[in-house]
$ cat run_38.txt   # compact mmCIF, C-alpha atoms and all ligand atoms
# COMPACT_ATOMS: atom_id res chain seq x y z
CA MET A 1 -23.70 -10.03 -18.91
CA THR A 2 -21.61 -8.64 -16.10
CA ASP A 3 -24.12 -9.62 -13.46
CA VAL A 4 -24.19 -13.16 -14.75
CA THR A 5 -20.43 -13.54 -14.53
CA PHE A 6 -20.51 -11.83 -11.13
CA TRP A 7 -22.39 -14.60 -9.44
CA ALA A 8 -23.43 -17.52 -11.56
CA SER A 9 -20.84 -19.80 -13.06
CA PRO A 10 -20.99 -22.89 -10.87
CA ALA A 11 -19.29 -25.09 -13.44
CA THR A 12 -16.06 -23.12 -13.39
CA ASP A 13 -15.98 -21.94 -9.79
CA GLY A 14 -13.04 -24.16 -8.95
CA GLY A 15 -11.06 -22.63 -11.78
CA SER A 16 -12.02 -19.06 -10.84
CA CYS A 17 -11.15 -19.68 -7.22
CA LEU A 18 -7.77 -21.07 -8.22
CA MET A 19 -7.25 -18.04 -10.44
CA ALA A 20 -7.98 -15.63 -7.59
CA GLY A 21 -5.55 -17.51 -5.36
CA ARG A 22 -2.84 -17.42 -7.99
CA LEU A 23 -3.35 -13.66 -8.46
CA LEU A 24 -2.98 -13.15 -4.69
CA ALA A 25 0.22 -15.21 -4.58
CA ARG A 26 1.68 -13.37 -7.55
CA GLY A 27 0.74 -10.01 -6.05
CA MET A 28 2.66 -10.87 -2.91
CA VAL A 29 5.64 -12.11 -4.94
CA ALA A 30 5.59 -8.91 -7.03
CA GLY A 31 5.39 -6.92 -3.78
CA VAL A 32 8.45 -8.71 -2.39
CA ILE A 33 10.48 -8.08 -5.57
CA ALA A 34 9.38 -4.43 -5.64
CA ALA A 35 10.32 -4.15 -1.96
CA CYS A 36 13.88 -5.28 -2.77
CA LEU A 37 14.20 -2.36 -5.20
CA ALA A 38 12.59 0.02 -2.70
CA PHE A 39 15.06 -1.21 -0.07
CA LEU A 40 18.00 -0.40 -2.35
CA PHE A 41 16.62 3.10 -2.92
CA ALA A 42 16.03 3.66 0.79
CA ARG A 43 19.44 2.29 1.67
CA ILE A 44 21.15 4.73 -0.71
CA PHE A 45 19.01 7.85 -0.27
CA GLY A 46 17.19 7.36 3.04
CA GLU A 47 19.81 6.00 5.42
CA PRO A 48 22.17 9.02 5.25
CA GLN A 49 19.26 11.23 6.36
CA VAL A 50 18.27 8.79 9.14
CA ASN A 51 21.85 8.90 10.40
CA LEU A 52 21.94 12.71 10.31
CA ALA A 53 18.65 12.83 12.23
CA ILE A 54 19.97 10.38 14.86
CA ALA A 55 23.16 12.46 15.18
CA PHE A 56 21.03 15.55 15.77
CA GLU A 57 18.93 13.70 18.36
CA ALA A 58 22.07 12.43 20.15
CA ALA A 59 23.58 15.93 20.19
CA GLN A 60 20.36 17.32 21.68
CA ASP A 61 20.29 14.59 24.34
CA ALA A 62 23.95 15.19 25.20
CA ALA A 63 23.37 18.93 25.48
CA ALA A 64 20.46 18.26 27.85
CA GLY A 65 22.73 16.03 29.94
CA MET A 66 20.84 12.81 29.10
CA ALA A 67 22.62 9.49 28.80
CA PRO A 68 22.77 8.10 25.23
CA GLU A 69 20.01 5.60 24.43
CA PRO A 70 21.16 1.99 24.73
CA GLU A 71 21.45 0.15 21.41
CA LEU A 72 19.33 -2.98 21.59
CA VAL A 73 19.79 -3.65 17.89
CA SER A 74 22.93 -2.14 16.36
CA ARG A 75 22.56 0.70 13.87
CA ALA A 76 24.29 -1.43 11.23
CA VAL A 77 21.61 -4.14 11.56
CA GLN A 78 18.77 -1.59 11.65
CA ALA A 79 20.03 0.01 8.45
CA SER A 80 20.52 -3.28 6.58
CA PHE A 81 18.61 -6.43 7.60
CA GLY A 82 16.08 -4.52 9.66
CA LEU A 83 15.26 -2.14 6.82
CA LEU A 84 15.20 -5.02 4.32
CA VAL A 85 12.86 -7.20 6.41
CA ALA A 86 10.54 -4.26 7.14
CA SER A 87 10.44 -3.43 3.42
CA LEU A 88 9.74 -7.05 2.44
CA MET A 89 6.88 -7.37 4.92
CA TYR A 90 5.43 -4.06 3.75
CA GLY A 91 5.80 -5.05 0.08
CA ALA A 92 4.21 -8.47 0.62
CA ALA A 93 1.33 -6.90 2.55
CA TYR A 94 0.47 -4.22 0.01
CA GLY A 95 1.22 -6.60 -2.87
CA GLY A 96 -1.48 -8.89 -1.44
CA ILE A 97 -4.05 -6.13 -0.91
CA TYR A 98 -3.30 -4.78 -4.38
CA ALA A 99 -3.75 -8.21 -5.99
CA VAL A 100 -7.12 -8.62 -4.24
CA VAL A 101 -8.27 -5.27 -5.63
CA PHE A 102 -6.99 -6.32 -9.05
CA ALA A 103 -8.95 -9.59 -8.88
CA PHE A 104 -12.15 -7.65 -8.16
CA ALA A 105 -11.46 -4.89 -10.70
CA TYR A 106 -10.41 -7.03 -13.66
CA GLY A 107 -13.26 -7.25 -16.17
CA ARG A 108 -15.29 -4.66 -14.26
CA MET A 109 -13.39 -1.58 -15.45
CA GLY A 110 -14.17 -1.80 -19.15
CA ARG A 111 -11.84 -3.08 -21.86
CA ILE A 112 -8.46 -2.58 -20.29
CA SER A 113 -5.54 -4.96 -20.62
CA PRO A 114 -4.19 -6.69 -17.47
CA ARG A 115 -0.92 -4.77 -17.75
CA ALA A 116 -2.61 -1.38 -18.05
CA LEU A 117 -5.01 -2.20 -15.21
CA ALA A 118 -2.05 -3.30 -13.07
CA LEU A 119 -0.32 0.06 -13.58
CA LEU A 120 -3.53 2.03 -13.06
CA LEU A 121 -4.26 0.24 -9.77
CA ALA A 122 -0.66 0.66 -8.58
CA GLY A 123 -1.07 4.39 -9.13
CA ALA A 124 -4.36 4.36 -7.27
CA GLY A 125 -2.78 2.34 -4.44
CA PHE A 126 0.10 4.79 -4.12
CA LEU A 127 -2.36 7.68 -4.03
CA THR A 128 -4.73 6.03 -1.54
CA PHE A 129 -2.35 4.30 0.87
CA VAL A 130 0.65 6.63 0.73
CA LEU A 131 0.31 10.06 -0.85
CA ILE A 132 -3.06 11.20 0.52
CA PRO A 133 -2.45 10.01 4.13
CA GLY A 134 1.11 11.38 3.83
CA LEU A 135 -0.16 14.87 2.98
CA LYS A 136 -1.73 15.00 6.43
CA TYR A 137 0.87 13.00 8.35
CA PRO A 138 4.16 13.04 6.42
CA PRO A 139 6.96 10.59 7.29
CA ASN A 140 9.27 11.82 10.03
CA PRO A 141 12.90 10.90 10.71
CA PRO A 142 14.13 9.81 14.17
CA GLY A 143 14.33 12.68 16.64
CA ILE A 144 10.82 13.91 15.79
CA GLY A 145 7.83 12.80 17.85
CA HIS A 146 7.15 12.55 21.58
CA PRO A 147 7.02 9.01 22.98
CA ASP A 148 3.87 9.86 24.94
CA THR A 149 1.86 10.73 21.81
CA ILE A 150 2.70 7.53 19.91
CA GLN A 151 -0.78 6.09 20.60
CA LEU A 152 -2.55 9.15 19.19
CA ARG A 153 -0.18 9.41 16.22
CA THR A 154 -0.52 5.74 15.33
CA ALA A 155 -4.31 5.78 15.66
CA THR A 156 -4.76 8.92 13.56
CA TYR A 157 -2.31 7.66 10.95
CA PHE A 158 -4.17 4.38 10.42
CA GLU A 159 -7.47 6.27 10.51
CA VAL A 160 -6.54 8.59 7.66
CA ILE A 161 -5.44 5.55 5.63
CA ALA A 162 -8.78 3.83 6.30
CA LEU A 163 -10.71 7.00 5.44
CA SER A 164 -8.60 7.48 2.31
CA VAL A 165 -9.58 3.96 1.20
CA CYS A 166 -13.27 4.77 1.87
CA VAL A 167 -13.05 8.03 -0.08
CA MET A 168 -11.42 6.28 -3.04
CA ALA A 169 -14.05 3.51 -2.98
CA ILE A 170 -16.94 6.01 -2.80
CA ALA A 171 -15.51 8.11 -5.65
CA ILE A 172 -15.07 5.04 -7.88
CA LEU A 173 -18.53 3.60 -7.12
CA VAL A 174 -20.27 6.94 -7.70
CA GLY A 175 -18.21 7.54 -10.85
CA ARG A 176 -19.21 4.12 -12.21
CA ARG A 177 -22.87 4.80 -11.49
CA LEU A 178 -22.75 8.17 -13.24
CA ALA A 179 -20.96 6.73 -16.27
CA LEU A 180 -24.22 5.27 -17.57
CA ARG A 181 -25.95 8.66 -17.55
CA LEU A 182 -23.14 11.17 -18.14
CA GLY A 183 -20.67 9.20 -20.22
CA ALA A 184 -17.18 8.11 -19.17
CA TRP A 185 -15.48 11.51 -19.39
CA ASN A 186 -17.95 13.53 -17.33
CA ALA A 187 -18.45 10.70 -14.85
CA THR A 188 -14.69 10.53 -14.29
CA LEU A 189 -14.59 14.29 -13.70
CA CYS A 190 -17.41 13.98 -11.16
CA GLY A 191 -15.62 11.09 -9.45
CA VAL A 192 -12.37 13.07 -9.22
CA GLY A 193 -14.25 16.12 -7.94
CA LEU A 194 -15.98 14.05 -5.27
CA PHE A 195 -12.62 12.51 -4.33
CA VAL A 196 -11.02 15.94 -3.89
CA VAL A 197 -13.91 17.31 -1.81
CA LEU A 198 -14.10 14.26 0.50
CA THR A 199 -10.31 14.16 0.89
CA ALA A 200 -10.24 17.84 1.83
CA LEU A 201 -13.02 17.17 4.36
CA VAL A 202 -11.16 14.24 5.94
CA GLN A 203 -7.87 16.14 6.11
CA ALA A 204 -9.46 19.26 7.55
CA THR A 205 -11.19 17.32 10.35
CA ALA A 206 -8.23 15.07 11.30
CA PRO A 207 -6.21 16.55 14.19
CA ASP A 208 -3.03 18.49 13.36
CA ILE A 209 0.14 17.01 14.80
CA ASN A 210 3.42 18.91 14.68
CA GLU A 211 6.22 17.67 16.88
CA VAL A 212 9.19 18.88 14.83
CA PRO A 213 11.68 20.53 17.23
CA ALA A 214 12.17 24.21 16.39
CA ASN A 215 15.88 23.70 15.74
CA PHE A 216 15.59 20.48 13.71
CA PRO A 217 17.67 20.89 10.51
CA ALA A 218 15.14 21.69 7.76
CA VAL A 219 17.27 20.21 4.98
CA VAL A 220 17.52 16.84 6.77
CA LEU A 221 13.74 16.77 7.22
CA TRP A 222 13.16 17.64 3.56
CA ARG A 223 15.72 15.15 2.22
CA PHE A 224 14.33 12.43 4.49
CA ARG A 225 10.80 13.00 3.22
CA GLU A 226 12.05 13.06 -0.37
CA ALA A 227 13.73 9.70 0.23
CA ALA A 228 10.61 8.29 1.91
CA ILE A 229 8.32 9.33 -0.95
CA GLY A 230 10.89 8.14 -3.50
CA MET A 231 11.02 4.75 -1.82
CA GLN A 232 7.23 4.47 -2.14
CA ILE A 233 7.28 5.52 -5.80
CA VAL A 234 9.88 2.81 -6.50
CA LEU A 235 7.80 0.27 -4.56
CA TRP A 236 4.43 0.99 -6.19
CA GLY A 237 5.90 1.62 -9.65
CA ALA A 238 7.78 -1.68 -9.59
CA LEU A 239 4.75 -3.46 -8.13
CA GLY A 240 2.56 -2.29 -11.02
CA LEU A 241 5.13 -3.11 -13.70
CA ILE A 242 6.06 -6.53 -12.29
CA PHE A 243 2.53 -7.67 -11.42
CA GLY A 244 1.10 -6.79 -14.87
CA PRO A 245 2.84 -9.56 -16.86
CA LEU A 246 2.45 -12.02 -13.95
CA ALA A 247 -1.31 -11.39 -13.85
CA ALA A 248 -1.60 -11.52 -17.64
CA ALA A 249 -0.05 -15.00 -17.58
CA VAL A 250 -2.68 -16.16 -15.08
CA LEU A 251 -5.53 -14.63 -17.08
CA ALA A 252 -4.22 -15.41 -20.59
CA PRO A 253 -5.49 -18.99 -21.06
CA LYS A 254 -8.97 -17.65 -20.31
CA GLU A 255 -8.74 -15.05 -23.05
CA GLY A 256 -8.31 -17.47 -25.94
CA GLY A 257 -11.19 -19.81 -25.11
CA ARG A 258 -9.86 -21.77 -22.19
CA ARG A 259 -10.22 -25.48 -21.59
CA LEU A 260 -12.52 -26.27 -18.70
CA ALA A 261 -9.93 -28.58 -17.17
CA GLY A 262 -7.59 -25.63 -16.41
CA MET B 1 -15.49 -19.26 -18.08
CA SER B 2 -19.00 -18.43 -19.15
CA HIS B 3 -17.89 -16.41 -22.15
CA SER B 4 -16.01 -19.25 -23.82
CA LEU B 5 -18.83 -19.53 -26.38
CA SER B 6 -18.57 -15.94 -27.55
CA SER B 7 -14.80 -16.02 -27.64
CA SER B 8 -14.92 -18.98 -29.97
CA ILE B 9 -16.66 -16.86 -32.60
CA PRO B 10 -13.93 -15.60 -34.97
CA GLY B 11 -13.41 -11.85 -35.14
CA PHE B 12 -15.37 -11.20 -31.97
CA ALA B 13 -13.25 -9.78 -29.15
CA PRO B 14 -15.15 -10.08 -25.89
CA ALA B 15 -14.64 -7.76 -22.93
CA PRO B 16 -12.46 -9.60 -20.42
CA ALA B 17 -14.58 -11.77 -18.14
CA ALA B 18 -14.54 -10.77 -14.49
CA ILE B 19 -13.66 -13.32 -11.85
CA PRO B 20 -16.87 -14.09 -9.90
CA VAL B 21 -17.03 -12.20 -6.60
CA ARG B 22 -17.62 -15.34 -4.57
CA ALA B 23 -14.48 -16.92 -6.03
CA VAL B 24 -12.40 -13.93 -4.96
CA LEU B 25 -13.95 -13.40 -1.51
CA PRO B 26 -12.18 -16.19 0.43
CA TRP B 27 -8.82 -15.14 -0.97
CA ALA B 28 -9.62 -11.49 -0.33
CA ALA B 29 -10.35 -12.23 3.33
CA PHE B 30 -7.20 -14.33 3.68
CA GLY B 31 -5.02 -11.79 1.86
CA VAL B 32 -6.30 -8.78 3.78
CA VAL B 33 -5.93 -10.46 7.20
CA LEU B 34 -2.39 -11.55 6.32
CA ALA B 35 -1.54 -8.06 5.05
CA LEU B 36 -2.92 -6.36 8.18
CA ALA B 37 -0.86 -8.69 10.39
CA LEU B 38 2.30 -7.87 8.43
CA LEU B 39 1.59 -4.13 8.48
CA TYR B 40 0.90 -4.31 12.22
CA PHE B 41 4.35 -5.76 12.94
CA VAL B 42 6.13 -3.31 10.65
CA GLY B 43 4.15 -0.27 11.70
CA ALA B 44 2.76 -0.52 15.23
CA GLU B 45 4.11 -3.43 17.33
CA GLN B 46 6.05 -2.25 20.40
CA GLY B 47 5.07 1.29 19.55
CA ALA B 48 1.44 2.15 20.15
CA THR B 49 0.61 -1.38 21.34
CA SER B 50 2.64 -4.43 22.24
CA LEU B 51 1.98 -8.15 21.80
CA ILE B 52 5.58 -9.16 22.39
CA SER B 53 7.38 -7.66 25.40
CA GLY B 54 10.55 -5.64 25.02
CA HIS B 55 11.76 -3.43 22.18
CA ALA B 56 13.52 -5.90 19.89
CA VAL B 57 10.87 -5.89 17.13
CA HIS B 58 10.56 -2.10 17.19
CA GLU B 59 14.32 -1.62 17.12
CA PHE B 60 14.82 -4.17 14.33
CA VAL B 61 12.28 -2.63 11.92
CA HIS B 62 13.04 0.88 13.20
CA ASP B 63 14.52 2.42 10.04
CA GLY B 64 11.85 0.82 7.89
CA ARG B 65 9.14 2.11 10.18
CA HIS B 66 10.41 5.68 9.78
CA LEU B 67 11.12 5.53 6.03
CA LEU B 68 7.83 3.77 5.22
CA GLY B 69 5.97 6.60 6.92
CA PHE B 70 4.73 5.02 10.16
CA PRO B 71 4.75 7.09 13.35
CA CYS B 72 7.64 6.12 15.64
CA HIS B 73 9.15 7.10 18.99
ZN ZN C 1 11.99 5.82 15.73

$ encode --input "run_38.txt" --output "structure tokens" --more "lines below"
Ligand SMILES: [Zn+2]
Amino acid sequence: MTDVTFWASPATDGGSCLMAGRLLARGMVAGVIAACLAFLFARIFGEPQVNLAIAFEAAQDAAAGMAPEPELVSRAVQASFGLLVASLMYGAAYGGIYAVVFAFAYGRMGRISPRALALLLAGAGFLTFVLIPGLKYPPNPPGIGHPDTIQLRTATYFEVIALSVCVMAIAILVGRRLALRLGAWNATLCGVGLFVVLTALVQATAPDINEVPANFPAVVLWRFREAAIGMQIVLWGALGLIFGPLAAAVLAPKEGGRRLAG
Amino acid sequence: MSHSLSSSIPGFAPAPAAIPVRAVLPWAAFGVVLALALLYFVGAEQGATSLISGHAVHEFVHDGRHLLGFPCH
């Protein structure tokens, strides 16, 4: 039955296409709302640490006899509108990607309600896009990182995200295949095991980068990373909770024998 | 959808019908391209590479770039 609904339903293609588009739009809207909450969190818990890190950097520069960096955009704007706009763009982007994954996954992951699937996928998104890449290359406050390695650091960072996505996809596809032979429980265990092994492989082969100055205050670094991870938990948690009902409303008419006109 | 027949039988709860892959694909392509463009401007523009000259974009999203986990400086 699944294969039939995969490909062949010419009569309702317009409706399905519209549905996919509406899911994408709602994913981006949910991402934007979630980003507002994440912004509030970052503003309260992240900004004090950013300011402490910048103060450390400025003190280091002054001690080395360097002129203070010119402020192209004021700190006040960076910490308010700048942070908000960056968060909104990030939320809209991942909200869109997440909605696309949801559109593919819905109806192909067994009998799971839209709301539960939304939460499950938000957790998977957080793991894949944030936590796993962040284990290798954790977020750093200002004052850490040499300007001349920015190319390498950016390339490796996006690479571990891409590889993390591949590893997650492989683990899910293999797990689904095994489910027919081993049953859901054992297949899930195999999928998780494969995920752990491949992730360890990726992280072991990616280059190590450590540019934290020896005298950088450890507490500031720790608090900054706590704030950064907290911001992502707020973002992905809110995304999953907000998108669930929005997606259910798009999918609901279908559930109860939907009119072809819709 | 193609399961509307089965869902009209009382007492029979069908598994939710998937959206056909070819209906999702165009939106998937559009959504992913849009998302990558947004992530590029938040995470990499005027850092590793530069489409717009100067540092205004980098400076504006600076705090977000750090707190969202992108490499910076
Ligand atoms: Zn920076």

$ residues_near_point --input "run_38.txt" --point "(-15.1, -9.8, -5.1)" --cutoff "10 Å" --atoms "all atoms listed in the file" --output "PyMOL selection string"
(chain A and resi 6-7+20+100-105) or (chain B and resi 18-29)

$ atom_distance --input "run_38.txt" --atom1 "atom CA of Met28 of chain A" --atom2 "atom CA of Val234 of chain A"
15.9 Å

$ atom_distance --input "run_38.txt" --atom1 "atom CA of Tyr157 of chain A" --atom2 "atom CA of Leu189 of chain A"
28.3 Å

$ interface_residues --input "run_38.txt" --of "chain A" --to "chain B" --cutoff "6 Å" --atoms "only C-alpha atoms" --output "PyMOL selection string"
chain A and resi 5-7+16-17+20-21+73+78+82-83+86+89+93+96-97+100+106-107+111+139+141+145+147+150-151+154+228+257

$ write_last_selection --input "run_38.txt" --atoms "C-alpha atoms" --output "PDB file, in the frame of the given file"
ATOM      1  CA  THR A   5     -20.430 -13.540 -14.530  1.00  0.00           C
ATOM      2  CA  PHE A   6     -20.510 -11.830 -11.130  1.00  0.00           C
ATOM      3  CA  TRP A   7     -22.390 -14.600  -9.440  1.00  0.00           C
ATOM      4  CA  SER A  16     -12.020 -19.060 -10.840  1.00  0.00           C
ATOM      5  CA  CYS A  17     -11.150 -19.680  -7.220  1.00  0.00           C
ATOM      6  CA  ALA A  20      -7.980 -15.630  -7.590  1.00  0.00           C
ATOM      7  CA  GLY A  21      -5.550 -17.510  -5.360  1.00  0.00           C
ATOM      8  CA  VAL A  73      19.790  -3.650  17.890  1.00  0.00           C
ATOM      9  CA  GLN A  78      18.770  -1.590  11.650  1.00  0.00           C
ATOM     10  CA  GLY A  82      16.080  -4.520   9.660  1.00  0.00           C
ATOM     11  CA  LEU A  83      15.260  -2.140   6.820  1.00  0.00           C
ATOM     12  CA  ALA A  86      10.540  -4.260   7.140  1.00  0.00           C
ATOM     13  CA  MET A  89       6.880  -7.370   4.920  1.00  0.00           C
ATOM     14  CA  ALA A  93       1.330  -6.900   2.550  1.00  0.00           C
ATOM     15  CA  GLY A  96      -1.480  -8.890  -1.440  1.00  0.00           C
ATOM     16  CA  ILE A  97      -4.050  -6.130  -0.910  1.00  0.00           C
ATOM     17  CA  VAL A 100      -7.120  -8.620  -4.240  1.00  0.00           C
ATOM     18  CA  TYR A 106     -10.410  -7.030 -13.660  1.00  0.00           C
ATOM     19  CA  GLY A 107     -13.260  -7.250 -16.170  1.00  0.00           C
ATOM     20  CA  ARG A 111     -11.840  -3.080 -21.860  1.00  0.00           C
ATOM     21  CA  PRO A 139       6.960  10.590   7.290  1.00  0.00           C
ATOM     22  CA  PRO A 141      12.900  10.900  10.710  1.00  0.00           C
ATOM     23  CA  GLY A 145       7.830  12.800  17.850  1.00  0.00           C
ATOM     24  CA  PRO A 147       7.020   9.010  22.980  1.00  0.00           C
ATOM     25  CA  ILE A 150       2.700   7.530  19.910  1.00  0.00           C
ATOM     26  CA  GLN A 151      -0.780   6.090  20.600  1.00  0.00           C
ATOM     27  CA  THR A 154      -0.520   5.740  15.330  1.00  0.00           C
ATOM     28  CA  ALA A 228      10.610   8.290   1.910  1.00  0.00           C
ATOM     29  CA  GLY A 257     -11.190 -19.810 -25.110  1.00  0.00           C
TER      30      GLY A 257
END

$ atom_distance --input "run_38.txt" --atom1 "atom CA of Phe39 of chain A" --atom2 "atom CA of Val212 of chain A"
25.7 Å

$ closest_residue --input "run_38.txt" --among "A:Ala118, A:Met109, A:Asn140, A:Gly14" --to "ligand ZN 1 (chain C)" --atoms "only C-alpha atoms and all ligand atoms"
A:Asn140

$ closest_residue --input "run_38.txt" --among "A:Arg225, A:His146, A:Arg177, A:Arg43" --to "ligand ZN 1 (chain C)" --atoms "all atoms listed in the file"
A:His146

$ closest_residue --input "run_38.txt" --among "A:Ala53, A:Ile233, A:Cys36, A:Ala214" --to "Phe129 of chain A" --atoms "all atoms listed in the file"
A:Ile233

$ closest_residue --input "run_38.txt" --among "A:Leu152, A:Val50, A:Leu201, A:Ala25" --to "ligand ZN 1 (chain C)" --atoms "all atoms listed in the file"
A:Val50

$ residues_around --input "run_38.txt" --residues "Ala247 of chain A" --least-positions-apart "4" --cutoff "7 Å" --atoms "all atoms listed in the file" --output "PyMOL selection string"
chain A and resi 23+114+243+251

$ closest_residue --input "run_38.txt" --among "A:Ala99, A:Val196, A:Ala79, A:Ile132" --to "Gln49 of chain A" --atoms "all atoms listed in the file"
A:Ala79

$ residues_around --input "run_38.txt" --residues "Leu127 of chain A" --least-positions-apart "2" --cutoff "12 Å" --atoms "all atoms listed in the file" --output "PDB file with C-alpha atoms, in the coordinates of the input"
ATOM      1  CA  LEU A 120      -3.530   2.030 -13.060  1.00  0.00           C
ATOM      2  CA  LEU A 121      -4.260   0.240  -9.770  1.00  0.00           C
ATOM      3  CA  ALA A 122      -0.660   0.660  -8.580  1.00  0.00           C
ATOM      4  CA  GLY A 123      -1.070   4.390  -9.130  1.00  0.00           C
ATOM      5  CA  ALA A 124      -4.360   4.360  -7.270  1.00  0.00           C
ATOM      6  CA  GLY A 125      -2.780   2.340  -4.440  1.00  0.00           C
ATOM      7  CA  PHE A 129      -2.350   4.300   0.870  1.00  0.00           C
ATOM      8  CA  VAL A 130       0.650   6.630   0.730  1.00  0.00           C
ATOM      9  CA  LEU A 131       0.310  10.060  -0.850  1.00  0.00           C
ATOM     10  CA  ILE A 132      -3.060  11.200   0.520  1.00  0.00           C
ATOM     11  CA  PRO A 133      -2.450  10.010   4.130  1.00  0.00           C
ATOM     12  CA  GLY A 134       1.110  11.380   3.830  1.00  0.00           C
ATOM     13  CA  LEU A 135      -0.160  14.870   2.980  1.00  0.00           C
ATOM     14  CA  ILE A 161      -5.440   5.550   5.630  1.00  0.00           C
ATOM     15  CA  SER A 164      -8.600   7.480   2.310  1.00  0.00           C
ATOM     16  CA  VAL A 165      -9.580   3.960   1.200  1.00  0.00           C
ATOM     17  CA  VAL A 167     -13.050   8.030  -0.080  1.00  0.00           C
ATOM     18  CA  MET A 168     -11.420   6.280  -3.040  1.00  0.00           C
ATOM     19  CA  PHE A 195     -12.620  12.510  -4.330  1.00  0.00           C
ATOM     20  CA  VAL A 196     -11.020  15.940  -3.890  1.00  0.00           C
ATOM     21  CA  THR A 199     -10.310  14.160   0.890  1.00  0.00           C
ATOM     22  CA  ILE A 229       8.320   9.330  -0.950  1.00  0.00           C
ATOM     23  CA  GLN A 232       7.230   4.470  -2.140  1.00  0.00           C
ATOM     24  CA  ILE A 233       7.280   5.520  -5.800  1.00  0.00           C
ATOM     25  CA  TRP A 236       4.430   0.990  -6.190  1.00  0.00           C
ATOM     26  CA  GLY A 237       5.900   1.620  -9.650  1.00  0.00           C
TER      27      GLY A 237
END
